[in-house]
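What follows is a short report on a single structure.
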Amino acid sequence: MVLPWLVAIGAEYLVFRRFFARDLAAAAPSPVSGDKPELPVFALATVACTLAGFVLTSAIGIDPAWAALAGALVLAGRAMLRRQATPLTVVRAAAPSFLAFVLALGVVVRAVVDNGLSDALGHLLPGGTGIAALLGIAALAAVLANLINNLPAVLVLLPLTAQSGPGAVLAVLLGVNIGPNLTYAGSLATLLWRRIVHQHEHDVDLKEFTKLGLIAVPSALVPAVVALWVSLQVL
């Protein structure tokens, strides 16, 4: 996946440089003298340990959610000890209503999958690992991610593509990771980003978001899948 990863990043960089050329050409505001931001060493170390915990728990058969919970408790506990947060603000930051939405989304998607979606996708998925098949798999994964969110999409598609080999599985991963940028609901990361942006009183222009997605998604997804095919041929 190294080559597809590099190609996708390069494509995104070129698209964003072009799309935001006017913004990037504007002069950056002069920093206030003496106002040097501090590096959040503790937070970065906690995130690094949490990511390492994902690897460790997966290797020994423990649900990675426990590693995520441990990281969250460490950050929240430190903030409360330093009186930077209270139990109430921690609960609010956890966004119970958003968590309920995610849970409801999973329940609805599971019901749809169990009542015909999985069978229908099985008939639509191309077979094999040729360039046309990989492009078709990635495109279908991208569309499905935008319709039902990328996490449910990958859980639906992986069992269906596993029998075709690792190439098909990796094409699914490209589709569900690059493709969701077309809609807000495409990924939980985008939903969280949009929520945080609104908390800081910034507006998100749906038209601009969609326009950028329509340009960036195919520009990154197609060459990334081609790079995957090349990697499979070489390796």
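Quick note on naming: the chains in the structure tokens go A, B, ... in the order shown, residues restart at 1 in each chain, and ligands are numbered from 1 in order of appearance.
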Counting only C-alpha atoms, what is within 8 Å of Ala171 (chain A), bar same-chain residues fewer than 5 positions away, as an mmCIF file with N, CA, C and O atoms, in the first residue's frame?
data_model
loop_
_atom_site.group_PDB
_atom_site.id
_atom_site.type_symbol
_atom_site.label_atom_id
_atom_site.label_comp_id
_atom_site.auth_asym_id
_atom_site.auth_seq_id
_atom_site.Cartn_x
_atom_site.Cartn_y
_atom_site.Cartn_z
ATOM 1 N N LEU A 134 -10.488 -3.919 -9.876
ATOM 2 C CA LEU A 134 -10.083 -3.118 -8.724
ATOM 3 C C LEU A 134 -10.727 -1.734 -8.757
ATOM 4 O O LEU A 134 -11.176 -1.221 -7.719
ATOM 5 N N LEU A 135 -10.782 -1.122 -9.946
ATOM 6 C CA LEU A 135 -11.439 0.184 -10.065
ATOM 7 C C LEU A 135 -12.923 0.077 -9.731
ATOM 8 O O LEU A 135 -13.484 0.949 -9.060
ATOM 9 N N ILE A 137 -14.400 -2.198 -7.777
ATOM 10 C CA ILE A 137 -14.544 -2.450 -6.342
ATOM 11 C C ILE A 137 -14.362 -1.164 -5.544
ATOM 12 O O ILE A 137 -15.147 -0.853 -4.637
ATOM 13 N N ALA A 138 -13.327 -0.408 -5.873
ATOM 14 C CA ALA A 138 -13.058 0.843 -5.153
ATOM 15 C C ALA A 138 -14.185 1.848 -5.367
ATOM 16 O O ALA A 138 -14.589 2.546 -4.421
ATOM 17 N N VAL A 225 -5.770 3.527 -7.077
ATOM 18 C CA VAL A 225 -6.114 2.148 -7.434
ATOM 19 C C VAL A 225 -5.172 1.629 -8.520
ATOM 20 O O VAL A 225 -4.750 0.470 -8.487
ATOM 21 N N LEU A 228 -2.128 0.677 -6.859
ATOM 22 C CA LEU A 228 -2.322 -0.600 -6.169
ATOM 23 C C LEU A 228 -2.149 -1.750 -7.137
ATOM 24 O O LEU A 228 -1.479 -2.746 -6.830
#
Practice task
May I have the residues within 12 Å of Leu69 (chain A) as a PyMOL selection string, using only C-alpha atoms and disregarding those fewer than 2 positions away in the same chain?
Solution key: chain A and resi 46-47+49-51+53-54+63-67+71-77+94
Practice task
Once DSSP has gone over the backbone, tell me which residues of region 9-98 of chain A are in alpha helix (DSSP H), as a ChimeraX atom specification.
Solution key: /A:9-19,21-25,41-59,65-81,87-94,96-98
Using 12 Å as the limit and counting only C-alpha atoms, can you tabulate each residue of region 159-195 of chain A that touches region 106-129 of chain A, with its shortest atom-to-atom distance in Å and the two atoms involved, as JSON lines?
{"residue": "A:Pro159", "atom": "CA", "partner": "A:Ser118", "partner_atom": "CA", "distance": 9.7}
{"residue": "A:Leu160", "atom": "CA", "partner": "A:Gly122", "partner_atom": "CA", "distance": 6.3}
{"residue": "A:Thr161", "atom": "CA", "partner": "A:Leu125", "partner_atom": "CA", "distance": 7.9}
{"residue": "A:Ala162", "atom": "CA", "partner": "A:Gly127", "partner_atom": "CA", "distance": 10.8}
{"residue": "A:Gln163", "atom": "CA", "partner": "A:Gly127", "partner_atom": "CA", "distance": 9.4}
{"residue": "A:Ser164", "atom": "CA", "partner": "A:Gly128", "partner_atom": "CA", "distance": 5.9}
{"residue": "A:Gly165", "atom": "CA", "partner": "A:Thr129", "partner_atom": "CA", "distance": 7.8}
{"residue": "A:Pro166", "atom": "CA", "partner": "A:Thr129", "partner_atom": "CA", "distance": 8.8}
{"residue": "A:Gly167", "atom": "CA", "partner": "A:Thr129", "partner_atom": "CA", "distance": 6.0}
{"residue": "A:Ala168", "atom": "CA", "partner": "A:Thr129", "partner_atom": "CA", "distance": 6.0}
{"residue": "A:Val169", "atom": "CA", "partner": "A:Thr129", "partner_atom": "CA", "distance": 9.7}
{"residue": "A:Leu170", "atom": "CA", "partner": "A:Thr129", "partner_atom": "CA", "distance": 10.3}
{"residue": "A:Ala171", "atom": "CA", "partner": "A:Thr129", "partner_atom": "CA", "distance": 9.1}
{"residue": "A:Val172", "atom": "CA", "partner": "A:Leu125", "partner_atom": "CA", "distance": 10.5}
{"residue": "A:Leu188", "atom": "CA", "partner": "A:Gly106", "partner_atom": "CA", "distance": 11.8}
Dump all heavy atoms for the selected residues as a short mmCIF file (atom, residue, chain, number, x, y, z; two decimals), in the first residue's frame?
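Here's the written file again_4.cif:
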data_model
loop_
_atom_site.label_atom_id
_atom_site.label_comp_id
_atom_site.auth_asym_id
_atom_site.auth_seq_id
_atom_site.Cartn_x
_atom_site.Cartn_y
_atom_site.Cartn_z
N PRO A 159 -16.11 -9.01 3.96
CA PRO A 159 -16.41 -10.44 3.82
C PRO A 159 -16.72 -10.84 2.37
O PRO A 159 -16.44 -11.98 1.97
CB PRO A 159 -17.64 -10.64 4.71
CG PRO A 159 -17.61 -9.51 5.67
CD PRO A 159 -17.05 -8.36 4.90
N LEU A 160 -17.27 -9.91 1.59
CA LEU A 160 -17.64 -10.22 0.22
C LEU A 160 -16.43 -10.24 -0.72
O LEU A 160 -16.44 -10.93 -1.74
CB LEU A 160 -18.66 -9.20 -0.30
CG LEU A 160 -19.99 -9.12 0.46
CD1 LEU A 160 -20.86 -8.00 -0.09
CD2 LEU A 160 -20.74 -10.46 0.36
N THR A 161 -15.40 -9.49 -0.37
CA THR A 161 -14.23 -9.40 -1.25
C THR A 161 -13.06 -10.27 -0.78
O THR A 161 -12.10 -10.46 -1.53
CB THR A 161 -13.74 -7.94 -1.34
OG1 THR A 161 -13.51 -7.42 -0.02
CG2 THR A 161 -14.77 -7.07 -2.03
N ALA A 162 -13.13 -10.78 0.44
CA ALA A 162 -12.01 -11.54 0.99
C ALA A 162 -11.67 -12.75 0.12
O ALA A 162 -10.50 -13.12 -0.02
CB ALA A 162 -12.34 -11.99 2.41
N GLN A 163 -12.69 -13.38 -0.48
CA GLN A 163 -12.44 -14.57 -1.28
C GLN A 163 -11.68 -14.27 -2.57
O GLN A 163 -11.09 -15.16 -3.17
CB GLN A 163 -13.77 -15.24 -1.62
CG GLN A 163 -14.73 -14.35 -2.37
CD GLN A 163 -16.09 -14.99 -2.55
OE1 GLN A 163 -16.29 -16.14 -2.19
NE2 GLN A 163 -17.03 -14.26 -3.14
N SER A 164 -11.67 -13.00 -2.99
CA SER A 164 -10.94 -12.62 -4.19
C SER A 164 -9.48 -12.31 -3.94
O SER A 164 -8.72 -12.05 -4.87
CB SER A 164 -11.61 -11.40 -4.85
OG SER A 164 -12.92 -11.70 -5.27
N GLY A 165 -9.08 -12.30 -2.67
CA GLY A 165 -7.68 -12.07 -2.35
C GLY A 165 -7.41 -10.70 -1.77
O GLY A 165 -8.29 -9.83 -1.73
N PRO A 166 -6.17 -10.46 -1.35
CA PRO A 166 -5.82 -9.19 -0.70
C PRO A 166 -5.96 -7.98 -1.60
O PRO A 166 -6.23 -6.89 -1.13
CB PRO A 166 -4.36 -9.40 -0.27
CG PRO A 166 -3.85 -10.50 -1.14
CD PRO A 166 -5.03 -11.40 -1.40
N GLY A 167 -5.78 -8.14 -2.91
CA GLY A 167 -5.91 -7.00 -3.82
C GLY A 167 -7.29 -6.39 -3.77
O GLY A 167 -7.44 -5.16 -3.71
N ALA A 168 -8.32 -7.23 -3.76
CA ALA A 168 -9.70 -6.74 -3.70
C ALA A 168 -9.99 -6.08 -2.36
O ALA A 168 -10.66 -5.05 -2.29
CB ALA A 168 -10.67 -7.89 -3.95
N VAL A 169 -9.45 -6.67 -1.28
CA VAL A 169 -9.65 -6.09 0.05
C VAL A 169 -9.00 -4.70 0.14
O VAL A 169 -9.59 -3.75 0.67
CB VAL A 169 -9.07 -7.03 1.13
CG1 VAL A 169 -9.07 -6.34 2.49
CG2 VAL A 169 -9.87 -8.33 1.19
N LEU A 170 -7.80 -4.57 -0.40
CA LEU A 170 -7.11 -3.28 -0.37
C LEU A 170 -7.83 -2.25 -1.23
O LEU A 170 -7.84 -1.05 -0.90
CB LEU A 170 -5.67 -3.45 -0.82
CG LEU A 170 -4.79 -4.32 0.08
CD1 LEU A 170 -3.39 -4.48 -0.50
CD2 LEU A 170 -4.72 -3.75 1.48
N ALA A 171 -8.44 -2.68 -2.33
CA ALA A 171 -9.23 -1.76 -3.15
C ALA A 171 -10.43 -1.23 -2.38
O ALA A 171 -10.80 -0.06 -2.50
CB ALA A 171 -9.69 -2.46 -4.44
N VAL A 172 -11.05 -2.10 -1.57
CA VAL A 172 -12.15 -1.66 -0.71
C VAL A 172 -11.65 -0.60 0.27
O VAL A 172 -12.31 0.43 0.47
CB VAL A 172 -12.75 -2.86 0.07
CG1 VAL A 172 -13.69 -2.37 1.17
CG2 VAL A 172 -13.50 -3.77 -0.88
N LEU A 188 -17.16 9.17 9.81
CA LEU A 188 -17.32 9.73 11.15
C LEU A 188 -16.32 10.85 11.38
O LEU A 188 -16.60 11.81 12.11
CB LEU A 188 -17.13 8.63 12.20
CG LEU A 188 -18.21 7.56 12.25
CD1 LEU A 188 -17.87 6.52 13.31
CD2 LEU A 188 -19.57 8.16 12.53
#
Handout entry: Nearest to Ala145 (chain A) by atom-to-atom distance, counting only C-alpha atoms, from A:Leu191, A:Leu182, A:Ala26, A:Ala132
Key = A:Leu182
Practice task
Have a look at CA of Pro180 (chain A) and CA of Thr210 (chain A) and let me know their distance in Å, one decimal.
Solution key: 10.9 Å
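Of the listed residues (A:Gly175, A:Thr183, A:Ala25, A:Ala93), A:Thr183 comes nearest to Leu212 (chain A); the distances count only C-alpha atoms.
You will find CA of Leu221 (chain A) at 28.7 Å from CA of Leu103 (chain A).
In this comparison, which uses only C-alpha atoms, the residue of A:Ala227, A:Ala45, A:Ala68, A:Ala142 approaching Leu214 (chain A) most closely is A:Ala142.
As for CA of Asp205 (chain A) and CA of Pro152 (chain A), they are spaced 26.3 Å apart.
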